[in-house]
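Q: I am sharing my_file.pdb, which consists of PDB, C-alpha atoms, pLDDT in the B column:
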```
MODEL        1
ATOM      1  CA  ALA A 183     106.307  57.575 146.582  1.00 39.00           C
ATOM      2  CA  PRO A 184     109.505  55.691 145.669  1.00 37.00           C
ATOM      3  CA  CYS A 185     110.179  52.651 147.845  1.00 38.00           C
ATOM      4  CA  ASP A 186     113.018  53.064 150.330  1.00 40.00           C
ATOM      5  CA  SER A 187     114.989  49.797 150.133  1.00 38.00           C
ATOM      6  CA  SER A 188     116.646  50.536 153.458  1.00 39.00           C
ATOM      7  CA  ARG A 189     113.271  50.019 155.175  1.00 39.00           C
ATOM      8  CA  ARG A 190     112.692  46.568 153.661  1.00 40.00           C
ATOM      9  CA  PRO A 191     112.972  43.628 156.046  1.00 42.00           C
ATOM     10  CA  LEU A 192     116.501  42.224 156.184  1.00 39.00           C
ATOM     11  CA  ASN A 193     115.469  38.786 154.906  1.00 40.00           C
ATOM     12  CA  MET A 194     113.749  40.376 151.884  1.00 35.00           C
ATOM     13  CA  ARG A 195     116.856  42.399 151.019  1.00 38.00           C
ATOM     14  CA  ARG A 196     118.991  39.284 151.348  1.00 38.00           C
ATOM     15  CA  SER A 197     116.599  37.382 149.100  1.00 37.00           C
ATOM     16  CA  LEU A 198     116.762  40.086 146.447  1.00 33.00           C
ATOM     17  CA  LEU A 199     120.559  40.156 146.660  1.00 35.00           C
ATOM     18  CA  VAL A 200     120.834  36.389 146.287  1.00 35.00           C
ATOM     19  CA  SER A 201     118.422  36.399 143.332  1.00 34.00           C
ATOM     20  CA  THR A 202     120.374  39.164 141.604  1.00 33.00           C
ATOM     21  CA  MET A 203     123.658  37.389 142.159  1.00 37.00           C
ATOM     22  CA  ALA A 204     122.234  34.107 140.874  1.00 36.00           C
ATOM     23  CA  LEU A 205     120.914  35.729 137.720  1.00 32.00           C
ATOM     24  CA  THR A 206     124.231  37.482 137.113  1.00 32.00           C
ATOM     25  CA  LEU A 207     126.240  34.293 137.553  1.00 33.00           C
ATOM     26  CA  ALA A 208     123.838  32.372 135.332  1.00 33.00           C
ATOM     27  CA  ALA A 209     124.068  34.968 132.580  1.00 32.00           C
ATOM     28  CA  ARG A 210     127.862  34.811 132.679  1.00 34.00           C
ATOM     29  CA  ALA A 211     127.917  31.038 132.639  1.00 36.00           C
ATOM     30  CA  LEU A 212     125.462  30.551 129.830  1.00 36.00           C
ATOM     31  CA  GLY A 213     127.171  32.363 126.970  1.00 37.00           C
ATOM     32  CA  GLY A 214     126.081  31.862 123.347  1.00 38.00           C
ATOM     33  CA  GLN A 215     123.926  28.758 122.922  1.00 40.00           C
ATOM     34  CA  GLN A 216     124.140  27.669 126.543  1.00 40.00           C
ATOM     35  CA  ALA A 217     120.909  29.185 127.883  1.00 38.00           C
ATOM     36  CA  GLY A 218     118.556  26.931 125.952  1.00 39.00           C
ATOM     37  CA  ALA A 219     120.924  23.976 126.079  1.00 39.00           C
ATOM     38  CA  LEU A 220     121.285  23.952 129.852  1.00 40.00           C
ATOM     39  CA  ALA A 221     117.558  24.268 130.409  1.00 39.00           C
ATOM     40  CA  ASP A 222     116.955  21.423 127.969  1.00 55.00           C
ATOM     41  CA  THR A 223     119.570  19.165 129.567  1.00 60.00           C
ATOM     42  CA  SER A 224     117.957  19.500 132.974  1.00 61.00           C
ATOM     43  CA  SER A 225     114.741  17.966 131.624  1.00 74.00           C
ATOM     44  CA  LEU A 226     116.343  15.461 129.256  1.00 93.00           C
ATOM     45  CA  PRO A 227     117.638  12.416 131.143  1.00 94.00           C
ATOM     46  CA  ALA A 228     120.252  10.127 129.655  1.00 94.00           C
ATOM     47  CA  GLY A 229     119.541   6.506 128.808  1.00 94.00           C
ATOM     48  CA  PHE A 230     116.140   6.885 127.105  1.00 96.00           C
ATOM     49  CA  GLY A 231     117.202   7.729 123.541  1.00 97.00           C
ATOM     50  CA  THR A 232     116.826   5.480 120.491  1.00 98.00           C
ATOM     51  CA  LEU A 233     118.625   7.340 117.687  1.00 98.00           C
ATOM     52  CA  ARG A 234     121.778   6.057 115.977  1.00 98.00           C
ATOM     53  CA  GLN A 235     124.914   8.100 115.417  1.00 97.00           C
ATOM     54  CA  ASP A 236     124.083   8.239 111.715  1.00 96.00           C
ATOM     55  CA  ASP A 237     120.805   9.967 112.640  1.00 97.00           C
ATOM     56  CA  ILE A 238     122.697  13.008 113.941  1.00 98.00           C
ATOM     57  CA  ALA A 239     125.661  12.985 111.537  1.00 98.00           C
ATOM     58  CA  VAL A 240     126.133  15.532 108.761  1.00 98.00           C
ATOM     59  CA  ARG A 241     128.057  14.245 105.736  1.00 98.00           C
ATOM     60  CA  VAL A 242     129.989  16.325 103.258  1.00 98.00           C
ATOM     61  CA  GLN A 243     131.469  14.650 100.162  1.00 96.00           C
ATOM     62  CA  PHE A 244     134.576  16.224  98.609  1.00 95.00           C
ATOM     63  CA  ASN A 245     136.108  14.217  95.776  1.00 92.00           C
ATOM     64  CA  ALA A 246     137.167  10.871  97.325  1.00 92.00           C
ATOM     65  CA  LEU A 247     136.738  12.151 100.861  1.00 95.00           C
ATOM     66  CA  GLN A 248     133.640  11.752 102.939  1.00 96.00           C
ATOM     67  CA  VAL A 249     133.566  13.968 106.020  1.00 98.00           C
ATOM     68  CA  ARG A 250     131.201  12.904 108.814  1.00 98.00           C
ATOM     69  CA  VAL A 251     130.476  15.524 111.459  1.00 98.00           C
ATOM     70  CA  LEU A 252     128.614  14.890 114.759  1.00 98.00           C
ATOM     71  CA  PRO A 253     127.866  17.408 117.514  1.00 98.00           C
ATOM     72  CA  LEU A 254     128.844  16.277 121.013  1.00 98.00           C
ATOM     73  CA  ASP A 255     126.450  18.612 122.801  1.00 97.00           C
ATOM     74  CA  GLU A 256     124.778  16.753 125.671  1.00 96.00           C
ATOM     75  CA  THR A 257     121.317  17.849 124.530  1.00 94.00           C
ATOM     76  CA  VAL A 258     121.958  16.089 121.221  1.00 97.00           C
ATOM     77  CA  ILE A 259     123.847  12.945 122.213  1.00 98.00           C
ATOM     78  CA  ARG A 260     121.292  12.137 124.938  1.00 97.00           C
ATOM     79  CA  THR A 261     118.878  11.343 122.118  1.00 98.00           C
ATOM     80  CA  LEU A 262     121.101   8.420 121.102  1.00 98.00           C
ATOM     81  CA  SER A 263     120.687   4.816 122.209  1.00 98.00           C
ATOM     82  CA  PRO A 264     122.358   4.130 125.575  1.00 97.00           C
ATOM     83  CA  ASP A 265     125.507   2.503 124.139  1.00 97.00           C
ATOM     84  CA  SER A 266     126.053   5.262 121.576  1.00 97.00           C
ATOM     85  CA  TYR A 267     125.399   7.961 124.163  1.00 98.00           C
ATOM     86  CA  ARG A 268     127.841   6.366 126.603  1.00 97.00           C
ATOM     87  CA  ALA A 269     130.601   6.159 123.979  1.00 97.00           C
ATOM     88  CA  LEU A 270     130.328   9.809 122.942  1.00 97.00           C
ATOM     89  CA  HIS A 271     129.834  11.064 126.494  1.00 97.00           C
ATOM     90  CA  GLU A 272     132.965   9.203 127.616  1.00 97.00           C
ATOM     91  CA  LEU A 273     134.838  10.665 124.655  1.00 96.00           C
ATOM     92  CA  ARG A 274     133.871  14.173 125.798  1.00 95.00           C
ATOM     93  CA  GLU A 275     134.922  13.455 129.356  1.00 96.00           C
ATOM     94  CA  SER A 276     138.241  11.882 128.338  1.00 96.00           C
ATOM     95  CA  LYS A 277     139.268  15.119 126.609  1.00 96.00           C
ATOM     96  CA  ARG A 278     137.984  17.483 129.276  1.00 96.00           C
ATOM     97  CA  ALA A 279     141.467  18.584 130.375  1.00 97.00           C
ATOM     98  CA  LEU A 280     142.469  19.370 126.793  1.00 97.00           C
ATOM     99  CA  VAL A 281     139.288  21.343 126.182  1.00 97.00           C
ATOM    100  CA  ASP A 282     139.760  23.222 129.454  1.00 97.00           C
ATOM    101  CA  SER A 283     143.249  24.198 128.295  1.00 97.00           C
ATOM    102  CA  VAL A 284     141.741  25.702 125.130  1.00 97.00           C
ATOM    103  CA  LEU A 285     139.180  27.661 127.165  1.00 97.00           C
ATOM    104  CA  LYS A 286     141.913  28.968 129.443  1.00 97.00           C
ATOM    105  CA  ARG A 287     144.046  30.009 126.475  1.00 97.00           C
ATOM    106  CA  THR A 288     141.220  31.684 124.542  1.00 96.00           C
ATOM    107  CA  GLY A 289     139.201  33.080 127.454  1.00 96.00           C
ATOM    108  CA  MET A 290     136.046  31.472 126.059  1.00 95.00           C
ATOM    109  CA  PRO A 291     133.242  30.732 128.572  1.00 95.00           C
ATOM    110  CA  GLY A 292     132.545  27.353 127.004  1.00 96.00           C
ATOM    111  CA  ALA A 293     132.917  25.353 123.807  1.00 97.00           C
ATOM    112  CA  SER A 294     130.912  23.601 121.117  1.00 98.00           C
ATOM    113  CA  LEU A 295     132.495  20.165 120.662  1.00 98.00           C
ATOM    114  CA  TRP A 296     132.257  18.084 117.494  1.00 98.00           C
ATOM    115  CA  TYR A 297     133.430  14.621 116.446  1.00 98.00           C
ATOM    116  CA  VAL A 298     134.726  14.650 112.872  1.00 98.00           C
ATOM    117  CA  GLN A 299     135.660  11.615 110.768  1.00 98.00           C
ATOM    118  CA  PHE A 300     137.444  11.571 107.407  1.00 98.00           C
ATOM    119  CA  PHE A 301     136.958   8.534 105.148  1.00 97.00           C
ATOM    120  CA  ASN A 302     138.577   7.729 101.802  1.00 95.00           C
ATOM    121  CA  SER A 303     136.105   5.879  99.594  1.00 88.00           C
ATOM    122  CA  GLU A 304     138.280   5.487  96.488  1.00 87.00           C
ATOM    123  CA  GLN A 305     141.495   3.789  95.453  1.00 86.00           C
ATOM    124  CA  GLY A 306     144.745   5.558  96.031  1.00 88.00           C
ATOM    125  CA  GLU A 307     145.700   8.106  98.627  1.00 92.00           C
ATOM    126  CA  ALA A 308     143.548  11.084  99.601  1.00 93.00           C
ATOM    127  CA  ARG A 309     144.818  14.058 101.551  1.00 94.00           C
ATOM    128  CA  PHE A 310     142.731  16.203 103.886  1.00 95.00           C
ATOM    129  CA  SER A 311     143.162  19.500 105.700  1.00 95.00           C
ATOM    130  CA  PRO A 312     141.547  19.256 109.159  1.00 96.00           C
ATOM    131  CA  LEU A 313     141.087  22.999 109.555  1.00 96.00           C
ATOM    132  CA  GLU A 314     139.016  23.266 106.373  1.00 97.00           C
ATOM    133  CA  VAL A 315     135.936  22.193 108.343  1.00 98.00           C
ATOM    134  CA  VAL A 316     133.853  25.353 108.796  1.00 98.00           C
ATOM    135  CA  ILE A 317     130.517  25.727 110.587  1.00 98.00           C
ATOM    136  CA  ASN A 318     128.194  28.606 109.744  1.00 98.00           C
ATOM    137  CA  SER A 319     125.914  29.502 112.659  1.00 98.00           C
ATOM    138  CA  ALA A 320     123.539  32.492 112.583  1.00 96.00           C
ATOM    139  CA  GLY A 321     125.322  33.908 109.543  1.00 96.00           C
ATOM    140  CA  ARG A 322     128.844  33.651 110.997  1.00 98.00           C
ATOM    141  CA  ASP A 323     131.582  31.295 109.848  1.00 98.00           C
ATOM    142  CA  PHE A 324     133.505  29.472 112.570  1.00 98.00           C
ATOM    143  CA  ARG A 325     136.732  27.519 112.270  1.00 98.00           C
ATOM    144  CA  ALA A 326     137.902  25.250 115.059  1.00 98.00           C
ATOM    145  CA  LEU A 327     139.740  26.875 117.936  1.00 97.00           C
ATOM    146  CA  ASP A 328     141.704  23.639 118.219  1.00 98.00           C
ATOM    147  CA  VAL A 329     141.622  20.050 116.967  1.00 98.00           C
ATOM    148  CA  PHE A 330     142.738  16.964 118.898  1.00 98.00           C
ATOM    149  CA  ALA A 331     143.600  13.705 117.151  1.00 97.00           C
ATOM    150  CA  LEU A 332     141.507  10.696 118.144  1.00 97.00           C
ATOM    151  CA  THR A 333     143.134   8.137 115.836  1.00 96.00           C
ATOM    152  CA  PRO A 334     146.791   7.319 115.103  1.00 95.00           C
ATOM    153  CA  GLY A 335     147.938   8.986 111.915  1.00 94.00           C
ATOM    154  CA  PHE A 336     145.433  11.856 112.037  1.00 97.00           C
ATOM    155  CA  GLY A 337     148.262  14.369 111.971  1.00 94.00           C
ATOM    156  CA  GLU A 338     149.633  12.930 108.741  1.00 95.00           C
ATOM    157  CA  GLN A 339     146.531  14.275 106.968  1.00 95.00           C
ATOM    158  CA  ARG A 340     146.288  11.505 104.392  1.00 94.00           C
ATOM    159  CA  LEU A 341     144.161   8.406 103.938  1.00 96.00           C
ATOM    160  CA  VAL A 342     144.540   5.192 101.990  1.00 93.00           C
ATOM    161  CA  GLN A 343     141.419   3.549 100.572  1.00 91.00           C
ATOM    162  CA  ARG A 344     138.742   2.788 103.190  1.00 93.00           C
ATOM    163  CA  GLU A 345     140.837   4.288 105.980  1.00 95.00           C
ATOM    164  CA  VAL A 346     139.196   6.425 108.673  1.00 96.00           C
ATOM    165  CA  GLN A 347     140.808   9.179 110.703  1.00 97.00           C
ATOM    166  CA  ALA A 348     138.995  11.171 113.391  1.00 98.00           C
ATOM    167  CA  GLY A 349     139.466  14.248 115.523  1.00 98.00           C
ATOM    168  CA  LEU A 350     137.769  16.178 118.308  1.00 98.00           C
ATOM    169  CA  TYR A 351     137.003  19.744 117.213  1.00 98.00           C
ATOM    170  CA  VAL A 352     136.657  22.613 119.653  1.00 98.00           C
ATOM    171  CA  PHE A 353     134.516  25.475 118.326  1.00 98.00           C
ATOM    172  CA  ASP A 354     133.378  28.802 119.717  1.00 98.00           C
ATOM    173  CA  PRO A 355     130.346  28.328 122.017  1.00 97.00           C
ATOM    174  CA  SER A 356     128.351  30.619 119.713  1.00 97.00           C
ATOM    175  CA  VAL A 357     127.930  27.640 117.368  1.00 98.00           C
ATOM    176  CA  ASP A 358     124.327  26.832 118.288  1.00 97.00           C
ATOM    177  CA  VAL A 359     123.331  23.200 117.736  1.00 97.00           C
ATOM    178  CA  ASN A 360     119.708  24.097 118.484  1.00 96.00           C
ATOM    179  CA  GLN A 361     119.495  26.143 115.281  1.00 97.00           C
ATOM    180  CA  PRO A 362     120.057  25.190 111.607  1.00 97.00           C
ATOM    181  CA  LEU A 363     123.754  25.112 110.694  1.00 98.00           C
ATOM    182  CA  VAL A 364     125.716  24.903 107.454  1.00 98.00           C
ATOM    183  CA  ILE A 365     128.843  22.759 107.464  1.00 98.00           C
ATOM    184  CA  THR A 366     131.500  23.272 104.807  1.00 98.00           C
ATOM    185  CA  PHE A 367     134.592  21.293 103.899  1.00 98.00           C
ATOM    186  CA  GLU A 368     136.800  22.814 101.238  1.00 96.00           C
ATOM    187  CA  THR A 369     134.290  23.899  98.547  1.00 96.00           C
ATOM    188  CA  ARG A 370     131.426  21.565  99.475  1.00 97.00           C
ATOM    189  CA  ARG A 371     128.710  22.407 101.953  1.00 97.00           C
ATOM    190  CA  SER A 372     125.744  20.770 103.636  1.00 98.00           C
ATOM    191  CA  ASP A 373     122.716  22.299 105.331  1.00 98.00           C
ATOM    192  CA  ALA A 374     121.417  18.881 106.430  1.00 98.00           C
ATOM    193  CA  TRP A 375     121.586  19.800 110.115  1.00 98.00           C
ATOM    194  CA  GLY A 376     118.269  21.660 109.865  1.00 97.00           C
ATOM    195  CA  ALA A 377     116.457  18.429 108.941  1.00 98.00           C
ATOM    196  CA  LEU A 378     118.434  16.351 111.464  1.00 98.00           C
ATOM    197  CA  LEU A 379     117.562  18.822 114.199  1.00 98.00           C
ATOM    198  CA  LYS A 380     113.850  18.165 113.631  1.00 97.00           C
ATOM    199  CA  ARG A 381     114.537  14.472 114.213  1.00 97.00           C
ATOM    200  CA  VAL A 382     116.486  15.335 117.372  1.00 98.00           C
ATOM    201  CA  ASP A 383     113.656  17.557 118.638  1.00 97.00           C
ATOM    202  CA  ARG A 384     111.102  14.778 118.096  1.00 97.00           C
ATOM    203  CA  GLU A 385     113.297  12.341 120.000  1.00 98.00           C
ATOM    204  CA  ARG A 386     113.709  14.833 122.853  1.00 97.00           C
ATOM    205  CA  SER A 387     109.938  14.962 123.224  1.00 96.00           C
ATOM    206  CA  LEU A 388     109.693  11.172 123.163  1.00 96.00           C
ATOM    207  CA  ILE A 389     112.443  10.872 125.788  1.00 96.00           C
ATOM    208  CA  ARG A 390     110.557  13.164 128.155  1.00 94.00           C
ATOM    209  CA  SER A 391     107.444  11.001 127.663  1.00 93.00           C
ATOM    210  CA  ARG A 392     109.374   7.777 128.286  1.00 92.00           C
ATOM    211  CA  ALA A 393     111.055   9.183 131.386  1.00 91.00           C
ATOM    212  CA  ALA A 394     107.906  10.716 132.889  1.00 88.00           C
ATOM    213  CA  PRO A 395     106.692   8.978 136.064  1.00 85.00           C
ATOM    214  CA  LYS A 396     103.927   6.521 135.282  1.00 78.00           C
ATOM    215  CA  SER A 397     100.695   7.154 137.162  1.00 66.00           C
TER     216      SER A 397
ENDMDL
END
```
Take the structure in the file and give it back as structure tokens.
A:
Amino acid sequence: APCDSSRRPLNMRRSLLVSTMALTLAARALGGQQAGALADTSSLPAGFGTLRQDDIAVRVQFNALQVRVLPLDETVIRTLSPDSYRALHELRESKRALVDSVLKRTGMPGASLWYVQFFNSEQGEARFSPLEVVINSAGRDFRALDVFALTPGFGEQRLVQREVQAGLYVFDPSVDVNQPLVITFETRRSDAWGALLKRVDRERSLIRSRAAPKS
């Protein structure tokens, strides 16, 4: 016979209600890539990584311009050496209010944040269009919801030789750093993230081993 929930003990019904509410809130909060990322963060302590920023950077060369793109997802930057992790984590935190304003404006449940550098390797002036950085995730192309300048002159969109300009890019949370991605600038593209992700995954495993209590 069907179970009559009204006959269940009060504490059991409360437990079921709390569990249901917790699952509902978690599902709403996760959104896009967040489910795996949050679970991974909880078991991936900061301060035990050894990778360099170049180990997680995707480069795209377009004429004289070199574009260097790094994800700022906590599950990725925690694989970096302590100093590198601290620098990128503090960068994320320093722009929290700006990112929150984008989420409020767009109604997005979260964001995928990226640090993007533009470098001119040749003589003369090179111009760049910040919004031409596109990330393909799971077959979908994503352009930044917003871009915030991190260096003076970023908004001028031009570089003299050996000059660097950088910005913080706010993407849709559906951009999943735990899956292979393709990054495009203008007409050039790179699928290097798939290989870099394997390096990140190996370092995650090593971090858990380093952080495990010693018997």
Q: With all atoms listed in the file as the atoms that count, which of A:Val357, A:Leu233, A:Leu247, A:Leu280 lies nearest to A:Ala331?
A: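 Of A:Val357, A:Leu233, A:Leu247, A:Leu280, the one nearest A:Ala331, counting all atoms listed in the file, is A:Leu280.
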Q: Determine the nearest neighbour of A:Gly231 from the options A:Ala308, A:Ala374, A:Val352, A:Arg384, counting only C-alpha atoms.
A: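 Ranked by minimum distance to A:Gly231, first place goes to A:Arg384.
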Q: What lies within 9 Å of stretch 387-389 of chain A using only C-alpha atoms, ignoring chain neighbours under 2 positions off, as a VMD selection string?
A: chain A and resid 226 to 232 260 to 261 382 to 385 391 to 394
Q: Closest to A:Asp373 among A:Gln361, A:Phe301, A:Pro355, A:Arg234, using all atoms listed in the file?
A: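 Checking each candidate against A:Asp373, we get A:Gln361 as the closest.
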Q: What does the PyMOL selection byres ((chain A and resi 250) around 7) select in this file, as a list in words?
A: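 Matching residues under the PyMOL selection byres ((chain A and resi 250) around 7) are Ala239, Val240, Arg241, Val242, Gln248, Val249, Val251, Leu252, Val298, Gln299 and Phe300 of chain A.
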Q: One decimal, in Å: what's the spacing between atom CA of A:Thr333 and atom CA of A:Ser311?
A: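 Pair atom CA of A:Thr333 / atom CA of A:Ser311 returns 15.2 Å.
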Q: Could you work out how far atom CA of A:Asp237 lies from atom CA of A:Leu378, giving the answer in Å with one decimal?
A: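 Interatomic distance here is 6.9 Å.
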Q: Determine the nearest neighbour of A:Gln343 from the options A:Arg371, A:Arg390, A:Arg325, A:Arg309, counting all atoms listed in the file.
A: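 Going through A:Arg371, A:Arg390, A:Arg325, A:Arg309 one by one, the smallest distance to A:Gln343 is for A:Arg309.
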Q: Missing atoms in stretch 324-345 of chain A: fill them in up to N, CA, C and O atoms and send the result as a CSV table (one decimal), keeping the file's coordinate frame.
A:
```csv
chain,number,residue,atom,x,y,z
A,324,PHE,N,132.6,29.8,111.5
A,324,PHE,CA,133.5,29.5,112.6
A,324,PHE,C,134.5,28.4,112.2
A,324,PHE,O,134.0,27.3,111.6
A,325,ARG,N,135.7,28.6,112.4
A,325,ARG,CA,136.7,27.5,112.3
A,325,ARG,C,137.1,27.0,113.7
A,325,ARG,O,136.9,27.8,114.7
A,326,ALA,N,137.6,25.8,113.8
A,326,ALA,CA,137.9,25.2,115.1
A,326,ALA,C,139.0,26.1,115.8
A,326,ALA,O,139.9,26.5,115.2
A,327,LEU,N,138.7,26.2,117.1
A,327,LEU,CA,139.7,26.9,117.9
A,327,LEU,C,140.9,25.9,118.1
A,327,LEU,O,142.1,26.4,118.3
A,328,ASP,N,140.6,24.7,118.1
A,328,ASP,CA,141.7,23.6,118.2
A,328,ASP,C,141.1,22.3,117.8
A,328,ASP,O,139.9,22.1,117.8
A,329,VAL,N,142.0,21.4,117.4
A,329,VAL,CA,141.6,20.0,117.0
A,329,VAL,C,142.5,19.1,117.7
A,329,VAL,O,143.8,19.2,117.7
A,330,PHE,N,142.0,18.0,118.2
A,330,PHE,CA,142.7,17.0,118.9
A,330,PHE,C,142.5,15.6,118.2
A,330,PHE,O,141.4,15.2,117.9
A,331,ALA,N,143.7,15.0,117.9
A,331,ALA,CA,143.6,13.7,117.2
A,331,ALA,C,143.0,12.6,118.0
A,331,ALA,O,143.3,12.5,119.2
A,332,LEU,N,142.1,11.8,117.4
A,332,LEU,CA,141.5,10.7,118.1
A,332,LEU,C,142.0,9.4,117.6
A,332,LEU,O,141.7,8.3,118.2
A,333,THR,N,142.6,9.4,116.4
A,333,THR,CA,143.1,8.1,115.8
A,333,THR,C,144.6,8.3,115.5
A,333,THR,O,145.0,9.4,115.1
A,334,PRO,N,145.4,7.2,115.5
A,334,PRO,CA,146.8,7.3,115.1
A,334,PRO,C,146.9,7.7,113.6
A,334,PRO,O,146.1,7.2,112.8
A,335,GLY,N,147.8,8.6,113.3
A,335,GLY,CA,147.9,9.0,111.9
A,335,GLY,C,147.1,10.2,111.5
A,335,GLY,O,147.2,10.6,110.4
A,336,PHE,N,146.3,10.7,112.4
A,336,PHE,CA,145.4,11.9,112.0
A,336,PHE,C,146.3,13.0,111.6
A,336,PHE,O,146.0,13.7,110.6
A,337,GLY,N,147.4,13.2,112.3
A,337,GLY,CA,148.3,14.4,112.0
A,337,GLY,C,149.0,14.3,110.6
A,337,GLY,O,149.5,15.3,110.1
A,338,GLU,N,149.0,13.1,110.0
A,338,GLU,CA,149.6,12.9,108.7
A,338,GLU,C,148.8,13.5,107.6
A,338,GLU,O,149.2,13.7,106.5
A,339,GLN,N,147.5,13.6,107.9
A,339,GLN,CA,146.5,14.3,107.0
A,339,GLN,C,146.4,13.6,105.6
A,339,GLN,O,146.3,14.2,104.6
A,340,ARG,N,146.5,12.3,105.6
A,340,ARG,CA,146.3,11.5,104.4
A,340,ARG,C,145.7,10.2,104.7
A,340,ARG,O,145.8,9.6,105.8
A,341,LEU,N,144.9,9.6,103.7
A,341,LEU,CA,144.2,8.4,103.9
A,341,LEU,C,144.4,7.5,102.8
A,341,LEU,O,144.3,7.9,101.6
A,342,VAL,N,144.6,6.2,103.1
A,342,VAL,CA,144.5,5.2,102.0
A,342,VAL,C,143.1,4.8,101.8
A,342,VAL,O,142.2,5.2,102.6
A,343,GLN,N,142.8,3.9,100.8
A,343,GLN,CA,141.4,3.5,100.6
A,343,GLN,C,140.8,2.9,101.8
A,343,GLN,O,141.4,2.0,102.5
A,344,ARG,N,139.6,3.3,102.1
A,344,ARG,CA,138.7,2.8,103.2
A,344,ARG,C,139.3,3.0,104.6
A,344,ARG,O,138.9,2.4,105.6
A,345,GLU,N,140.3,3.9,104.7
A,345,GLU,CA,140.8,4.3,106.0
A,345,GLU,C,140.0,5.4,106.6
A,345,GLU,O,139.4,6.3,105.9
```
